[in-house]
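Participant: I'd like to ask you about the structure that follows.
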Amino acid sequence: MKVLVLNCGSSSVKFQLVQTDEASAAAGRVHALARGLVENIGGLAILRYEAEGRKPLKETGEILEHKIAVERILGLLTRPDVGVIQDRSEIEAVGHRMVHGGERFKTSVLIDDDVLSGIEDCIDLAPLHNPPNIKGYRASRDLLLVPHVAVFDTSFHQTMPREAYLYGLPYVLYQRHGIRRYGFHGTSHRFVSRRMAEILGRADDPTLRVITCHLGNGCSITAIRGGHSVDTSMGLTPLEGLLMGTRAGDIDAGIILHVMVTEELGVTEANALLNKHSGLLGISGVSNDMRTLLQAEADGNDRARLAVDVFCYRLKKYIASYTGVLGGVDAVVFTGGIGENSPVIRARSMVGLEALGLRVDPARNDAARAVEADISPEGSTSRVFVVPTNEELLIARDTYHIVAGLSAE
Ligand code: ADP
């Protein structure tokens with residue numbers, strides 16, 4: 001089955017055309033035929049496209065709305081010189097990344113009118129993310145008359161117990177407005193934790209304890225027992241938890257009230273302060289990009305060093321606390337652009353965790369870049385791994401399972 005995976009942002013559409021069947025979906029070995037990205041929709045857009053055995057392509061042109069972007073993508077997928085299918089009717093299903101599924105959507109689901117209105121009900125919880133996701137669905141629904149499936153960032157974390165998801169606020173805010181921890185990056189945490197369980201030969205073991213660290217521009221960490229999320233660092237919004245590229249992560253909630261008064265900030269400015277001007281960028285004043293910061297640190301920039309230190313310290317604190325949550329840990333997994341590619345960050349955030357049985361082998365760690373690898377010393381009982389994430393493949397797999405009439409994991 002050929003599944004088109006779409007991830008629509010406010011001015012972008014990321015896509016992959018994935019070939020999957022029962023055996024490859026079960027083995028987690030689905031296969032991307034083509035992929036790409038349309039950016040800056042609403043103006044002079046840039047379309048990047050690459051397909052197996054074809055020259056990568058970059059086009060610039062006016063694309064005013066998501067529907068036209070999807071049209072252009074379908075045009076490339078079927079174009080004789082660069083395409084990978086002859087006709088759009090070869091696409092049998094579409095999988096959509098949806099950010100927020102609230103408490104209703106605990107698994108991936110076939111989209112119908114009732115589901116669509118349920119996703120619309122979650123707009124209040126994710127006002128920036130759900131509307132473009134929905135727009136992408138509406139655009140592609142009109143162009144591809146096949147089953148469409150929603151795969152939510154939040155659904156993997158719906159197994160968290162109450163004590164993990166409830167904030168210390170008046171309970172009525174949870175009842176009235178759904179104020180609670182939802183968590184995000186669920187597709188990534190689910191993908192790498194499942195792969196980890198397979199690597200350890202414990203795919204069906206309900207006692208397996210895994211901590212997954214997704215470290216990209218956004219960062220989050222999840223405690224997983226027997227394949228189920230039991231706690232995660234992002235909260236009602238993707239702002240809580242670890243330090244991120246431009247997001248603050250955990251702060252004393254009182255700070256924002258204090259700063260709004262002392263700096264005379266409105267809600268819009270406060271929002272920008274927390275989401276766009278904080279994190280690695282805010283502390284360093286240099287960059288939100290970890291590679292740039294590590295270079296600046298090597299060149300002697302002290303604020304860059306400080307930002308990296310705060311990042312690693314915060315991560316270590318979470319790994320230790322989730323080890324407590326799980327009553328020990330069988331494996332810690334690093335993923336995302338930083339987690340997959342940076343031996344330095346992995347090593348620095350694990351220093352001091354030896355007492356918990358967690359160790360990194362320097363040579364194995366240095367050698368592991370963007371590949372699956374065991375980076376703990378030979379014979380360790382608690383293991384440390386790098387497992388590259390692949391959210392699109394998991395979306396394709398869920399879509400395949402649902403459309404093929406099988407239940408999604
Ligand atoms: P996104 O969350 O947007 O998908 P990625 O997962 O691609 O982002 O992660 C981007 C981050 O990964 C950036 O901070 C980038 O600097 C970092 N990164 C990529 N390669 C390396 C590397 N070799 N060393 C350190 N950081 C890296």
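Every chain in the structure tokens has a letter given in the order shown (A, B, ...), and although residue numbers restart at 1 in each chain, ligands are simply numbered from 1 in the order shown.
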List every residue of segment 217-314 of chain A that DSSP, applied to the backbone of this structure, places in strand (DSSP E), and write the result as a count of residues only.
Facilitator: 12
Participant: Collect all residues with atoms no farther than 6 Å from ligand 1, counting only C-alpha atoms and all ligand atoms, and output them as a PyMOL selection string.
Facilitator: chain A and resi 216-218+289-291+336-338+341-342
Participant: If we count only C-alpha atoms, what is near Ser24 of chain A at a cut-off of 12 Å, once residues fewer than 5 positions away on the same chain are taken out, given as number ranges by chain?
Facilitator: A: 1, 18-19, 29-32, 393-394, 396-397, 400-401
Participant: Would you pick out the contacts of Lys106 of chain A at 10 Å or less, using only C-alpha atoms, so that residues sharing its chain but fewer than 5 positions from it are not included, and give the list as an NGL selection string?
Facilitator: :A and (101 or 151-152 or 154-159)
Participant: Skipping near chain neighbours, those fewer than 2 positions away, what residues fall within 8 Å of Leu17 of chain A using only C-alpha atoms, listed as an mmCIF file with C-alpha atoms, in the first residue's frame?
Facilitator:
data_model
loop_
_atom_site.group_PDB
_atom_site.id
_atom_site.type_symbol
_atom_site.label_atom_id
_atom_site.label_comp_id
_atom_site.auth_asym_id
_atom_site.auth_seq_id
_atom_site.Cartn_x
_atom_site.Cartn_y
_atom_site.Cartn_z
ATOM 1 C CA LYS A 2 1.290 3.481 -0.870
ATOM 2 C CA VAL A 3 0.560 5.957 1.924
ATOM 3 C CA LEU A 4 1.053 9.714 1.608
ATOM 4 C CA VAL A 5 2.134 11.182 4.950
ATOM 5 C CA PHE A 15 5.376 15.077 2.939
ATOM 6 C CA GLN A 19 5.408 2.025 0.537
ATOM 7 C CA ALA A 32 9.982 6.036 1.740
ATOM 8 C CA LEU A 33 9.663 6.408 -2.047
ATOM 9 C CA ALA A 34 9.761 10.214 -2.070
ATOM 10 C CA ARG A 35 9.828 13.044 0.412
#
Participant: Atom CA of Thr212 of chain A and atom CA of Tyr318 of chain A are how many Å apart?
Facilitator: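 Answer for the atom CA of Thr212 of chain A to atom CA of Tyr318 of chain A separation: 10.7 Å.
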Participant: So which one's closest to Pro132 of chain A, A:Ser188, A:Thr335, A:Gln86, A:Ser10? Using only C-alpha atoms, please.
Facilitator: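 Answer, going by the shortest atom-to-atom distance: A:Ser10.
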Participant: My list of candidates is A:Thr292, A:Ser233, A:Asn133, A:Thr268. Which is closest to Leu6 of chain A when distances are computed with only C-alpha atoms?
Facilitator: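 Going through A:Thr292, A:Ser233, A:Asn133, A:Thr268 one by one, the smallest distance to Leu6 of chain A is for A:Asn133.
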Participant: Can you pull out the residues contacting Val192 of chain A? Cut-off 9 Å, using only C-alpha atoms, and skip same-chain residues under 6 positions away; I want them as a PyMOL selection string.
Facilitator: chain A and resi 212+333-335+387-390
Participant: Export all heavy atoms of the chosen residues as a compact mmCIF listing (two decimals), in the first residue's frame?
Facilitator:
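After the write, out.txt holds the following:
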# COMPACT_ATOMS: atom_id res chain seq x y z
N THR A 212 13.07 7.67 27.02
CA THR A 212 13.42 8.16 25.69
C THR A 212 13.64 9.67 25.73
O THR A 212 12.81 10.41 26.27
CB THR A 212 12.30 7.82 24.68
OG1 THR A 212 11.04 8.21 25.23
CG2 THR A 212 12.25 6.34 24.38
N VAL A 333 17.33 6.05 25.85
CA VAL A 333 17.48 6.16 24.39
C VAL A 333 17.60 7.63 24.00
O VAL A 333 16.77 8.45 24.41
CB VAL A 333 16.25 5.56 23.66
CG1 VAL A 333 16.49 5.55 22.16
CG2 VAL A 333 15.94 4.17 24.15
N PHE A 334 18.60 7.93 23.18
CA PHE A 334 18.75 9.29 22.64
C PHE A 334 18.27 9.32 21.20
O PHE A 334 18.64 8.45 20.40
CB PHE A 334 20.21 9.72 22.69
CG PHE A 334 20.68 10.07 24.07
CD1 PHE A 334 21.29 9.12 24.88
CD2 PHE A 334 20.50 11.35 24.57
CE1 PHE A 334 21.72 9.44 26.16
CE2 PHE A 334 20.91 11.69 25.85
CZ PHE A 334 21.53 10.73 26.65
N THR A 335 17.47 10.35 20.86
CA THR A 335 17.02 10.51 19.48
C THR A 335 16.83 12.00 19.17
O THR A 335 17.04 12.85 20.04
CB THR A 335 15.74 9.69 19.22
OG1 THR A 335 15.54 9.56 17.83
CG2 THR A 335 14.50 10.34 19.85
N VAL A 387 18.90 5.72 18.95
CA VAL A 387 17.95 5.13 17.99
C VAL A 387 17.36 6.28 17.16
O VAL A 387 16.62 7.11 17.69
CB VAL A 387 16.81 4.36 18.69
CG1 VAL A 387 15.81 3.85 17.66
CG2 VAL A 387 17.34 3.20 19.51
N PRO A 388 17.74 6.39 15.88
CA PRO A 388 17.16 7.47 15.05
C PRO A 388 15.64 7.37 14.99
O PRO A 388 15.09 6.28 14.87
CB PRO A 388 17.79 7.24 13.67
CG PRO A 388 19.05 6.49 13.95
CD PRO A 388 18.73 5.61 15.14
N THR A 389 15.00 8.52 15.10
CA THR A 389 13.54 8.52 15.08
C THR A 389 13.02 8.57 13.64
O THR A 389 13.75 8.94 12.73
CB THR A 389 12.99 9.71 15.90
OG1 THR A 389 11.60 9.50 16.11
CG2 THR A 389 13.20 11.04 15.18
N ASN A 390 11.79 8.17 13.44
CA ASN A 390 11.18 8.32 12.11
C ASN A 390 9.67 8.40 12.26
O ASN A 390 8.95 7.41 12.16
CB ASN A 390 11.58 7.16 11.20
CG ASN A 390 11.33 7.54 9.74
OD1 ASN A 390 10.42 8.31 9.44
ND2 ASN A 390 12.14 7.01 8.86
Participant: Please measure the separation of atom CA of Asp204 of chain A and atom CA of Gly102 of chain A, giving the value in Å to one decimal.
Facilitator: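 Computing the Euclidean distance for atom CA of Asp204 of chain A and atom CA of Gly102 of chain A yields 27.3 Å.
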Participant: Using DSSP on the backbone coordinates, identify the residues of segment 42-184 of chain A assigned to helix (DSSP H, G or I); present them as number ranges by chain.
Facilitator: A: 66-78, 88-90, 113-124, 130-143, 155-159, 162-165, 171-177
Participant: List as a PyMOL selection string the protein and nucleic acid residues near Ala331 of chain A, meaning an atom at most 8 Å away when only C-alpha atoms are counted, but skip any in the same chain fewer than 6 places from it.
Facilitator: chain A and resi 196+209-211+382-385
Participant: In Å to one decimal, how far is atom CA of Ala164 of chain A from atom CA of Val325 of chain A?
Facilitator: 9.7 Å
Participant: Considering only C-alpha atoms, state which residue in the set A:Asp153, A:Phe184, A:Ala355, A:Ser11 is at the smallest distance from Leu44 of chain A.
Facilitator: A:Ser11
